[in-house]
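Student: Quick one, structure_17.cif (mmCIF, C-alpha atoms):
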```
data_query
#
loop_
_atom_site.label_atom_id
_atom_site.label_comp_id
_atom_site.auth_asym_id
_atom_site.auth_seq_id
_atom_site.Cartn_x
_atom_site.Cartn_y
_atom_site.Cartn_z
CA MET A 6 57.48 -38.12 -78.57
CA ASN A 7 58.87 -34.80 -79.75
CA ALA A 8 60.76 -34.64 -83.03
CA VAL A 9 62.71 -31.55 -81.94
CA GLU A 10 63.50 -30.27 -78.43
CA ILE A 11 65.63 -27.13 -78.15
CA ARG A 12 66.64 -25.53 -74.85
CA GLY A 13 68.86 -22.49 -74.37
CA LEU A 14 70.26 -22.68 -77.91
CA SER A 15 72.59 -19.85 -78.93
CA HIS A 16 74.90 -19.52 -81.90
CA ARG A 17 77.52 -17.04 -83.02
CA TYR A 18 79.68 -16.49 -86.08
CA GLY A 19 83.32 -15.52 -85.59
CA SER A 20 85.18 -15.08 -82.33
CA GLY A 21 86.51 -12.38 -80.06
CA PRO A 22 85.25 -8.78 -80.16
CA THR A 23 84.00 -9.16 -83.75
CA ALA A 24 81.83 -12.21 -83.02
CA LEU A 25 78.21 -11.88 -84.09
CA THR A 26 75.54 -13.70 -82.07
CA VAL A 27 72.77 -14.77 -84.44
CA LEU A 28 70.67 -16.96 -82.13
CA HIS A 29 69.89 -16.00 -78.53
CA ASP A 30 68.86 -18.58 -75.92
CA LEU A 31 66.13 -20.29 -77.96
CA ASP A 32 63.57 -22.74 -76.59
CA LEU A 33 61.44 -24.66 -79.10
CA THR A 34 59.57 -27.96 -79.10
CA ILE A 35 58.13 -29.60 -82.21
CA PRO A 36 55.93 -32.64 -81.51
CA SER A 37 56.13 -35.57 -83.91
CA GLY A 38 53.70 -35.27 -86.81
CA GLU A 39 53.39 -31.49 -86.63
CA VAL A 40 53.84 -29.10 -89.57
CA VAL A 41 55.58 -25.95 -88.30
CA LEU A 42 56.43 -22.80 -90.25
CA LEU A 43 59.21 -20.46 -89.12
CA THR A 44 58.73 -16.91 -90.38
CA GLY A 45 60.62 -13.65 -89.93
CA PRO A 46 62.70 -11.07 -91.81
CA SER A 47 65.88 -11.87 -93.69
CA GLY A 48 68.89 -12.07 -91.40
CA SER A 49 66.86 -13.00 -88.34
CA GLY A 50 68.56 -16.39 -87.95
CA LYS A 51 65.95 -18.71 -89.47
CA THR A 52 68.27 -20.64 -91.76
CA THR A 53 70.94 -20.90 -89.06
CA LEU A 54 68.38 -22.56 -86.80
CA LEU A 55 67.34 -24.94 -89.57
CA THR A 56 70.94 -25.97 -90.24
CA LEU A 57 71.50 -26.67 -86.54
CA ILE A 58 68.36 -28.81 -86.36
CA GLY A 59 69.49 -30.58 -89.53
CA ALA A 60 72.92 -31.36 -88.05
CA LEU A 61 74.54 -29.39 -90.87
CA ARG A 62 76.57 -27.35 -88.37
CA ALA A 63 77.74 -28.00 -84.83
CA VAL A 64 75.79 -26.83 -81.78
CA GLN A 65 77.80 -24.32 -79.74
CA THR A 66 75.65 -23.50 -76.70
CA GLY A 67 72.53 -25.13 -75.31
CA SER A 68 70.68 -28.34 -76.12
CA CYS A 69 69.31 -29.43 -79.49
CA ARG A 70 67.74 -32.89 -79.47
CA VAL A 71 66.47 -34.09 -82.85
CA LEU A 72 64.73 -37.45 -83.36
CA GLY A 73 66.09 -38.50 -79.98
CA THR A 74 69.71 -37.57 -80.77
CA GLU A 75 71.39 -34.86 -78.69
CA LEU A 76 73.48 -32.65 -80.98
CA ALA A 77 75.27 -30.70 -78.26
CA ASN A 78 78.85 -32.07 -78.23
CA ALA A 79 77.94 -34.57 -80.96
CA ASP A 80 80.78 -35.70 -83.20
CA GLU A 81 80.60 -35.65 -87.00
CA ARG A 82 79.76 -39.35 -87.17
CA THR A 83 76.69 -38.78 -85.01
CA ARG A 84 75.62 -35.80 -87.11
CA VAL A 85 76.03 -37.74 -90.35
CA ALA A 86 73.92 -40.61 -88.97
CA LEU A 87 71.18 -38.16 -88.01
CA ARG A 88 71.23 -36.40 -91.39
CA ARG A 89 70.42 -39.74 -93.00
CA ARG A 90 67.15 -39.76 -91.02
CA ILE A 91 66.16 -36.28 -92.22
CA GLY A 92 64.68 -35.21 -95.56
CA PHE A 93 65.92 -31.86 -96.91
CA ILE A 94 64.10 -29.60 -99.39
CA PHE A 95 65.81 -26.39 -100.48
CA GLN A 96 64.82 -23.28 -102.43
CA HIS A 97 66.77 -24.55 -105.41
CA HIS A 98 65.84 -28.17 -105.99
CA ASN A 99 69.50 -29.27 -106.43
CA LEU A 100 68.59 -32.01 -108.90
CA LEU A 101 71.38 -33.51 -110.99
CA GLY A 102 70.75 -32.57 -114.61
CA PHE A 103 72.27 -35.74 -116.07
CA LEU A 104 69.91 -38.01 -114.11
CA THR A 105 66.23 -38.67 -114.74
CA ALA A 106 63.61 -37.79 -112.15
CA ARG A 107 63.54 -41.43 -111.02
CA GLU A 108 67.32 -41.60 -110.74
CA ASN A 109 67.45 -38.33 -108.78
CA VAL A 110 64.95 -39.69 -106.26
CA ALA A 111 66.64 -43.09 -106.08
CA MET A 112 69.91 -41.40 -105.08
CA ALA A 113 68.43 -40.80 -101.62
CA LEU A 114 68.31 -44.59 -101.12
CA GLU A 115 71.87 -45.41 -102.18
CA LEU A 116 73.13 -45.65 -98.58
CA ASP A 117 70.57 -48.33 -97.70
CA PRO A 118 72.47 -51.64 -97.91
CA ASP A 119 69.24 -53.66 -97.91
CA LEU A 120 68.08 -52.28 -101.26
CA ASP A 121 69.46 -53.25 -104.66
CA GLU A 122 69.27 -50.92 -107.64
CA ALA A 123 65.99 -52.33 -108.94
CA GLU A 124 64.34 -51.85 -105.54
CA ARG A 125 65.65 -48.31 -105.25
CA LEU A 126 64.30 -47.40 -108.67
CA ALA A 127 60.95 -49.03 -107.92
CA ARG A 128 60.56 -47.08 -104.67
CA ALA A 129 61.59 -43.88 -106.44
CA GLU A 130 58.97 -44.44 -109.13
CA ALA A 131 56.29 -45.10 -106.51
CA MET A 132 57.19 -41.86 -104.74
CA LEU A 133 57.04 -39.92 -107.99
CA ARG A 134 53.56 -41.32 -108.56
CA ALA A 135 52.62 -40.09 -105.08
CA VAL A 136 53.65 -36.53 -105.99
CA GLY A 137 51.74 -36.65 -109.27
CA LEU A 138 54.65 -37.24 -111.64
CA ALA A 139 53.93 -40.78 -112.85
CA ASP A 140 54.38 -39.63 -116.45
CA LYS A 141 57.70 -37.86 -115.74
CA VAL A 142 59.80 -40.63 -114.18
CA ASP A 143 62.16 -40.76 -117.17
CA ALA A 144 62.25 -36.99 -117.75
CA TYR A 145 65.38 -34.96 -117.11
CA PRO A 146 65.22 -31.81 -114.95
CA ALA A 147 65.76 -29.50 -117.92
CA VAL A 148 62.38 -30.42 -119.43
CA LEU A 149 60.45 -30.13 -116.16
CA SER A 150 58.73 -26.97 -114.93
CA GLY A 151 59.83 -25.32 -111.69
CA GLY A 152 56.91 -26.85 -109.82
CA GLN A 153 57.64 -30.29 -111.23
CA ARG A 154 61.30 -30.06 -110.24
CA GLN A 155 60.29 -29.11 -106.70
CA ARG A 156 57.93 -32.10 -106.62
CA VAL A 157 60.86 -34.32 -107.56
CA ALA A 158 62.77 -32.74 -104.67
CA ILE A 159 59.84 -33.53 -102.34
CA ALA A 160 59.80 -37.13 -103.58
CA ARG A 161 63.55 -37.38 -102.95
CA ALA A 162 63.13 -36.00 -99.42
CA LEU A 163 60.32 -38.44 -98.57
CA VAL A 164 61.45 -41.63 -100.31
CA HIS A 165 63.63 -42.91 -97.44
CA GLU A 166 60.82 -42.36 -94.91
CA PRO A 167 62.59 -39.71 -92.81
CA GLY A 168 61.44 -38.87 -89.31
CA LEU A 169 61.79 -35.15 -90.01
CA ILE A 170 61.55 -33.02 -93.16
CA LEU A 171 63.34 -29.66 -93.23
CA ALA A 172 62.53 -27.14 -95.97
CA ASP A 173 64.33 -23.83 -96.52
CA GLU A 174 62.29 -21.32 -98.56
CA PRO A 175 60.84 -24.11 -100.75
CA THR A 176 58.44 -21.80 -102.62
CA ALA A 177 60.80 -18.89 -103.28
CA ALA A 178 61.45 -19.87 -106.89
CA LEU A 179 57.80 -20.73 -107.65
CA ASP A 180 54.82 -18.59 -108.59
CA SER A 181 52.04 -18.14 -106.04
CA LYS A 182 49.69 -20.86 -107.30
CA THR A 183 52.41 -23.46 -107.92
CA GLY A 184 54.10 -22.74 -104.59
CA HIS A 185 50.89 -23.19 -102.63
CA GLU A 186 49.91 -26.36 -104.49
CA THR A 187 53.36 -27.84 -103.90
CA MET A 188 53.27 -27.15 -100.16
CA VAL A 189 49.72 -28.52 -99.84
CA LEU A 190 51.04 -31.68 -101.48
CA LEU A 191 53.96 -31.85 -99.05
CA GLN A 192 51.61 -31.36 -96.10
CA ARG A 193 49.25 -34.10 -97.28
CA LEU A 194 52.01 -36.62 -97.89
CA ALA A 195 53.66 -35.82 -94.55
CA LYS A 196 50.37 -36.20 -92.66
CA GLU A 197 49.59 -39.49 -94.41
CA ARG A 198 53.00 -40.83 -93.33
CA GLY A 199 53.06 -39.28 -89.86
CA ARG A 200 56.12 -37.16 -90.68
CA THR A 201 57.19 -33.95 -88.96
CA VAL A 202 57.82 -30.90 -91.18
CA PHE A 203 59.72 -27.71 -90.33
CA ILE A 204 59.62 -25.02 -93.02
CA VAL A 205 61.55 -21.75 -93.10
CA THR A 206 59.60 -19.32 -95.28
CA HIS A 207 58.88 -15.71 -96.14
CA ASP A 208 55.77 -16.77 -98.02
CA PRO A 209 52.50 -15.83 -96.25
CA ARG A 210 50.55 -17.64 -98.94
CA ILE A 211 51.39 -21.04 -97.41
CA HIS A 212 50.48 -20.22 -93.80
CA ASP A 213 47.31 -22.28 -94.14
CA ILE A 214 49.22 -25.58 -94.34
CA ALA A 215 50.74 -25.14 -90.86
CA ASP A 216 49.65 -26.64 -87.57
CA ARG A 217 51.65 -23.86 -85.95
CA ILE A 218 53.57 -20.75 -87.02
CA VAL A 219 56.64 -19.56 -85.12
CA ALA A 220 58.17 -16.12 -85.70
CA MET A 221 61.78 -15.02 -85.30
CA GLU A 222 63.27 -11.54 -85.01
CA ASP A 223 66.94 -10.70 -84.45
CA GLY A 224 67.77 -14.25 -83.44
CA ARG A 225 64.95 -14.56 -80.92
CA LEU A 226 61.66 -16.41 -81.06
CA VAL A 227 58.78 -13.97 -80.57
CA GLU A 228 55.03 -14.24 -80.22
CA PRO A 229 53.52 -16.63 -82.78
CA ALA A 230 52.57 -15.00 -86.05
CA PRO A 231 48.85 -14.82 -86.86
CA HIS A 232 47.63 -18.03 -88.47
#
```
Spit out the file's structure as structure tokens when you get a sec.
Tutor:
Amino acid sequence: MNAVEIRGLSHRYGSGPTALTVLHDLDLTIPSGEVVLLTGPSGSGKTTLLTLIGALRAVQTGSCRVLGTELANADERTRVALRRRIGFIFQHHNLLGFLTARENVAMALELDPDLDEAERLARAEAMLRAVGLADKVDAYPAVLSGGQRQRVAIARALVHEPGLILADEPTAALDSKTGHETMVLLQRLAKERGRTVFIVTHDPRIHDIADRIVAMEDGRLVEPAPH
């Protein structure tokens, strides 16, 4: 099974003579369990593609099937349901400062009606142990390092066992060593759980974690970047 199947996907911003086409007739397949990096210069359309795959914006032209759900002509209810099956990791961790690490991770489980609060917190703590933060479960974001905060974000993205993990420039705010270590951790956890990972990045230092690297220029997918 493929986690992502894209055919003839195009996207534009605006309308009429001032409309700007940012994605041009893209075809892309990501098999389940694969770790794929999308590289390319700023403004090439990488984040737009990620937001379409993540059902964060509506598909305009072409087909975008994610985890078996076709997003072309999908209504908001369908997109919301799909987003709940995806784990998101962003450049800025987006942790809530008034919640502990455990509470931040547990938030990702609040929409699961089968889990009570104690179960959510227990699963969050187990996930924090998996990312090497067993001693930080009660710490608030302000006292964590940048790498630790991003590990909390990884735990939050993984705790509800998503079929797909999307990461947008996850190492941009981290130094070289911390960024690489964090992405190696994400790769290991994803492989152990059979999860698919799609990472938008400018960072050549993490190319070694990828099963495949895809390059984008001016809204078009080009020959794969050297691995």
Student: Any idea what's packed within 12 Å of stretch 110-124 of chain A, counting all atoms listed in the file, ignoring anything in its chain fewer than 2 positions away? Could you give it as a compact mmCIF listing (two decimals) with C-alpha atoms, keeping the file's coordinate frame?
Tutor:
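Written out: around21.txt:
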```txt
# COMPACT_ATOMS: atom_id res chain seq x y z
CA VAL A 85 76.03 -37.74 -90.35
CA ALA A 86 73.92 -40.61 -88.97
CA ARG A 88 71.23 -36.40 -91.39
CA ARG A 89 70.42 -39.74 -93.00
CA ARG A 90 67.15 -39.76 -91.02
CA ILE A 91 66.16 -36.28 -92.22
CA GLY A 92 64.68 -35.21 -95.56
CA PHE A 93 65.92 -31.86 -96.91
CA HIS A 98 65.84 -28.17 -105.99
CA ASN A 99 69.50 -29.27 -106.43
CA LEU A 100 68.59 -32.01 -108.90
CA LEU A 101 71.38 -33.51 -110.99
CA LEU A 104 69.91 -38.01 -114.11
CA THR A 105 66.23 -38.67 -114.74
CA ALA A 106 63.61 -37.79 -112.15
CA ARG A 107 63.54 -41.43 -111.02
CA GLU A 108 67.32 -41.60 -110.74
CA LEU A 126 64.30 -47.40 -108.67
CA ALA A 127 60.95 -49.03 -107.92
CA ARG A 128 60.56 -47.08 -104.67
CA ALA A 129 61.59 -43.88 -106.44
CA GLU A 130 58.97 -44.44 -109.13
CA ALA A 131 56.29 -45.10 -106.51
CA MET A 132 57.19 -41.86 -104.74
CA LEU A 133 57.04 -39.92 -107.99
CA ARG A 134 53.56 -41.32 -108.56
CA VAL A 136 53.65 -36.53 -105.99
CA LEU A 138 54.65 -37.24 -111.64
CA VAL A 142 59.80 -40.63 -114.18
CA ASP A 143 62.16 -40.76 -117.17
CA TYR A 145 65.38 -34.96 -117.11
CA PRO A 146 65.22 -31.81 -114.95
CA ARG A 154 61.30 -30.06 -110.24
CA GLN A 155 60.29 -29.11 -106.70
CA ARG A 156 57.93 -32.10 -106.62
CA VAL A 157 60.86 -34.32 -107.56
CA ALA A 158 62.77 -32.74 -104.67
CA ILE A 159 59.84 -33.53 -102.34
CA ALA A 160 59.80 -37.13 -103.58
CA ARG A 161 63.55 -37.38 -102.95
CA ALA A 162 63.13 -36.00 -99.42
CA LEU A 163 60.32 -38.44 -98.57
CA VAL A 164 61.45 -41.63 -100.31
CA HIS A 165 63.63 -42.91 -97.44
CA GLU A 166 60.82 -42.36 -94.91
CA PRO A 167 62.59 -39.71 -92.81
```
Student: Write out as JSON lines a residue-level contact list of stretch 136-229 of chain A versus stretch 56-76 of chain A with cut-off 10 Å: for each qualifying residue the closest pair of atoms and the distance in Å to one decimal, counting all atoms listed in the file, rows sorted by chain and residue number upward.
Tutor:
```
{"residue": "A:Pro167", "atom": "CA", "partner": "A:Leu72", "partner_atom": "CA", "distance": 9.9}
{"residue": "A:Gly168", "atom": "CA", "partner": "A:Leu72", "partner_atom": "CA", "distance": 6.9}
{"residue": "A:Leu169", "atom": "CA", "partner": "A:Leu72", "partner_atom": "CA", "distance": 7.6}
{"residue": "A:Ile170", "atom": "CA", "partner": "A:Gly59", "partner_atom": "CA", "distance": 9.1}
{"residue": "A:Leu171", "atom": "CA", "partner": "A:Gly59", "partner_atom": "CA", "distance": 7.2}
{"residue": "A:Asp173", "atom": "CA", "partner": "A:Thr56", "partner_atom": "CA", "distance": 9.4}
{"residue": "A:Phe203", "atom": "CA", "partner": "A:Ile58", "partner_atom": "CA", "distance": 9.6}
```
Student: Excluding A:Ile35 and residues on its chain fewer than 2 positions from it, collect all residues at most 9 Å away from it, counting all atoms listed in the file, and give them as an MDAnalysis selection string.
Tutor: chainID A and resid 7:11 33 37:41 201 203
Student: With all atoms listed in the file as the atoms that count, which of A:Ala147, A:Ala220, A:Leu194, A:Asp208 lies nearest to A:Phe103?
Tutor: A:Ala147
Student: Which residues would end up in the selection if the PyMOL selection byres ((chain A and resi 18) around 12) were applied here, given that I need the answer as an mmCIF file with C-alpha atoms, in the frame of the given file?
Tutor:
```
data_model
loop_
_atom_site.group_PDB
_atom_site.id
_atom_site.type_symbol
_atom_site.label_atom_id
_atom_site.label_comp_id
_atom_site.auth_asym_id
_atom_site.auth_seq_id
_atom_site.Cartn_x
_atom_site.Cartn_y
_atom_site.Cartn_z
ATOM 1 C CA SER A 15 72.590 -19.850 -78.930
ATOM 2 C CA HIS A 16 74.900 -19.520 -81.900
ATOM 3 C CA ARG A 17 77.520 -17.040 -83.020
ATOM 4 C CA GLY A 19 83.320 -15.520 -85.590
ATOM 5 C CA SER A 20 85.180 -15.080 -82.330
ATOM 6 C CA GLY A 21 86.510 -12.380 -80.060
ATOM 7 C CA PRO A 22 85.250 -8.780 -80.160
ATOM 8 C CA THR A 23 84.000 -9.160 -83.750
ATOM 9 C CA ALA A 24 81.830 -12.210 -83.020
ATOM 10 C CA LEU A 25 78.210 -11.880 -84.090
ATOM 11 C CA THR A 26 75.540 -13.700 -82.070
ATOM 12 C CA VAL A 27 72.770 -14.770 -84.440
ATOM 13 C CA LEU A 28 70.670 -16.960 -82.130
ATOM 14 C CA GLY A 50 68.560 -16.390 -87.950
ATOM 15 C CA THR A 53 70.940 -20.900 -89.060
ATOM 16 C CA ARG A 62 76.570 -27.350 -88.370
ATOM 17 C CA ALA A 63 77.740 -28.000 -84.830
ATOM 18 C CA VAL A 64 75.790 -26.830 -81.780
ATOM 19 C CA GLN A 65 77.800 -24.320 -79.740
#
```
Student: Point out the residue among A:Pro36, A:Val148, A:Ile214, A:Thr52 with the least atom-to-atom distance to A:Arg193, counting all atoms listed in the file.
Tutor: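 Distance minimum relative to A:Arg193 lands on A:Ile214.
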Student: As an exercise, work out the distance from atom CA of A:Glu186 to atom CA of A:Ser150 in Å and give it to one decimal place.
Tutor: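 Atom-to-atom, atom CA of A:Glu186 to atom CA of A:Ser150, that is 13.7 Å.
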Student: Could you check which of A:Gly151, A:Thr206, A:Ala178, A:Ile211 is closest to A:Leu191, using only C-alpha atoms?
Tutor: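 Of A:Gly151, A:Thr206, A:Ala178, A:Ile211, the one nearest A:Leu191, counting only C-alpha atoms, is A:Ile211.
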Student: Between A:Asp180, A:Glu197, A:Asp30, A:Asp140, which residue has the minimum interatomic distance to A:Asp223, considering all atoms listed in the file?
Tutor: A:Asp30
Student: Have a look at atom CA of A:Leu226 and atom CA of A:Val189 and let me know their distance in Å, one decimal.
Tutor: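 Spanning atom CA of A:Leu226 to atom CA of A:Val189 is a straight-line distance of 25.3 Å.
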Student: Pick the closest to A:Met221 from A:Pro46, A:Gly102, A:Gly199, A:Pro209: which is it, counting only C-alpha atoms?
Tutor: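 Looking at the shortest contact to A:Met221, the residue is A:Pro46.
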Student: If you measure from atom CA of A:Asp32 to atom CA of A:Thr83, what distance in Å do you get, rounded to one decimal?
Tutor: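 Distance between the two atoms: 22.4 Å.
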Student: Dig up all the protein and nucleic acid residues within 8 Å of (59.0, -24.6, -101.1) in the file frame, using all atoms listed in the file, and format them as a compact mmCIF listing (two decimals) with C-alpha atoms, in the coordinates of the input.
Tutor:
```txt
# COMPACT_ATOMS: atom_id res chain seq x y z
CA ILE A 94 64.10 -29.60 -99.39
CA PHE A 95 65.81 -26.39 -100.48
CA GLN A 96 64.82 -23.28 -102.43
CA GLN A 155 60.29 -29.11 -106.70
CA ALA A 172 62.53 -27.14 -95.97
CA ASP A 173 64.33 -23.83 -96.52
CA GLU A 174 62.29 -21.32 -98.56
CA PRO A 175 60.84 -24.11 -100.75
CA THR A 176 58.44 -21.80 -102.62
CA ALA A 177 60.80 -18.89 -103.28
CA ALA A 178 61.45 -19.87 -106.89
CA LEU A 179 57.80 -20.73 -107.65
CA GLY A 184 54.10 -22.74 -104.59
CA THR A 187 53.36 -27.84 -103.90
CA MET A 188 53.27 -27.15 -100.16
CA THR A 206 59.60 -19.32 -95.28
```
Student: Will you model N, CA and C atoms for stretch 80-101 of chain A and pass it back as an mmCIF file, in the coordinates of the input?
Tutor:
```cif
data_model
loop_
_atom_site.group_PDB
_atom_site.id
_atom_site.type_symbol
_atom_site.label_atom_id
_atom_site.label_comp_id
_atom_site.auth_asym_id
_atom_site.auth_seq_id
_atom_site.Cartn_x
_atom_site.Cartn_y
_atom_site.Cartn_z
ATOM 1 N N ASP A 80 79.693 -35.665 -82.225
ATOM 2 C CA ASP A 80 80.780 -35.700 -83.200
ATOM 3 C C ASP A 80 80.197 -35.784 -84.617
ATOM 4 N N GLU A 81 81.061 -35.678 -85.615
ATOM 5 C CA GLU A 81 80.600 -35.650 -87.000
ATOM 6 C C GLU A 81 79.909 -36.959 -87.383
ATOM 7 N N ARG A 82 80.394 -38.069 -86.862
ATOM 8 C CA ARG A 82 79.760 -39.350 -87.170
ATOM 9 C C ARG A 82 78.306 -39.379 -86.717
ATOM 10 N N THR A 83 78.055 -38.837 -85.530
ATOM 11 C CA THR A 83 76.690 -38.780 -85.010
ATOM 12 C C THR A 83 75.831 -37.868 -85.867
ATOM 13 N N ARG A 84 76.383 -36.728 -86.275
ATOM 14 C CA ARG A 84 75.620 -35.800 -87.110
ATOM 15 C C ARG A 84 75.300 -36.395 -88.476
ATOM 16 N N VAL A 85 76.266 -37.099 -89.050
ATOM 17 C CA VAL A 85 76.030 -37.740 -90.350
ATOM 18 C C VAL A 85 74.917 -38.785 -90.232
ATOM 19 N N ALA A 86 74.956 -39.579 -89.171
ATOM 20 C CA ALA A 86 73.920 -40.610 -88.970
ATOM 21 C C ALA A 86 72.537 -39.969 -88.843
ATOM 22 N N LEU A 87 72.469 -38.840 -88.150
ATOM 23 C CA LEU A 87 71.180 -38.160 -88.010
ATOM 24 C C LEU A 87 70.712 -37.580 -89.332
ATOM 25 N N ARG A 88 71.622 -36.988 -90.095
ATOM 26 C CA ARG A 88 71.230 -36.400 -91.390
ATOM 27 C C ARG A 88 70.596 -37.434 -92.308
ATOM 28 N N ARG A 89 70.993 -38.686 -92.169
ATOM 29 C CA ARG A 89 70.420 -39.740 -93.000
ATOM 30 C C ARG A 89 68.978 -40.047 -92.626
ATOM 31 N N ARG A 90 68.535 -39.536 -91.477
ATOM 32 C CA ARG A 90 67.150 -39.760 -91.020
ATOM 33 C C ARG A 90 66.281 -38.528 -91.267
ATOM 34 N N ILE A 91 66.848 -37.539 -91.949
ATOM 35 C CA ILE A 91 66.160 -36.280 -92.220
ATOM 36 C C ILE A 91 66.024 -36.086 -93.729
ATOM 37 N N GLY A 92 64.870 -35.580 -94.159
ATOM 38 C CA GLY A 92 64.680 -35.210 -95.560
ATOM 39 C C GLY A 92 64.843 -33.709 -95.723
ATOM 40 N N PHE A 93 65.642 -33.285 -96.688
ATOM 41 C CA PHE A 93 65.920 -31.860 -96.910
ATOM 42 C C PHE A 93 65.303 -31.401 -98.229
ATOM 43 N N ILE A 94 64.642 -30.242 -98.185
ATOM 44 C CA ILE A 94 64.100 -29.600 -99.390
ATOM 45 C C ILE A 94 64.579 -28.151 -99.370
ATOM 46 N N PHE A 95 65.234 -27.723 -100.444
ATOM 47 C CA PHE A 95 65.810 -26.390 -100.480
ATOM 48 C C PHE A 95 65.113 -25.525 -101.536
ATOM 49 N N GLN A 96 65.401 -24.227 -101.479
ATOM 50 C CA GLN A 96 64.820 -23.280 -102.430
ATOM 51 C C GLN A 96 65.122 -23.696 -103.861
ATOM 52 N N HIS A 97 66.361 -24.052 -104.097
ATOM 53 C CA HIS A 97 66.770 -24.550 -105.410
ATOM 54 C C HIS A 97 66.831 -26.072 -105.293
ATOM 55 N N HIS A 98 66.110 -26.742 -106.141
ATOM 56 C CA HIS A 98 65.840 -28.170 -105.990
ATOM 57 C C HIS A 98 67.098 -29.035 -105.918
ATOM 58 N N ASN A 99 68.225 -28.540 -106.478
ATOM 59 C CA ASN A 99 69.500 -29.270 -106.430
ATOM 60 C C ASN A 99 69.400 -30.655 -107.077
ATOM 61 N N LEU A 100 68.634 -30.752 -108.155
ATOM 62 C CA LEU A 100 68.590 -32.010 -108.900
ATOM 63 C C LEU A 100 69.809 -32.092 -109.815
ATOM 64 N N LEU A 101 70.258 -33.298 -110.075
ATOM 65 C CA LEU A 101 71.380 -33.510 -110.990
ATOM 66 C C LEU A 101 70.834 -33.595 -112.406
#
```
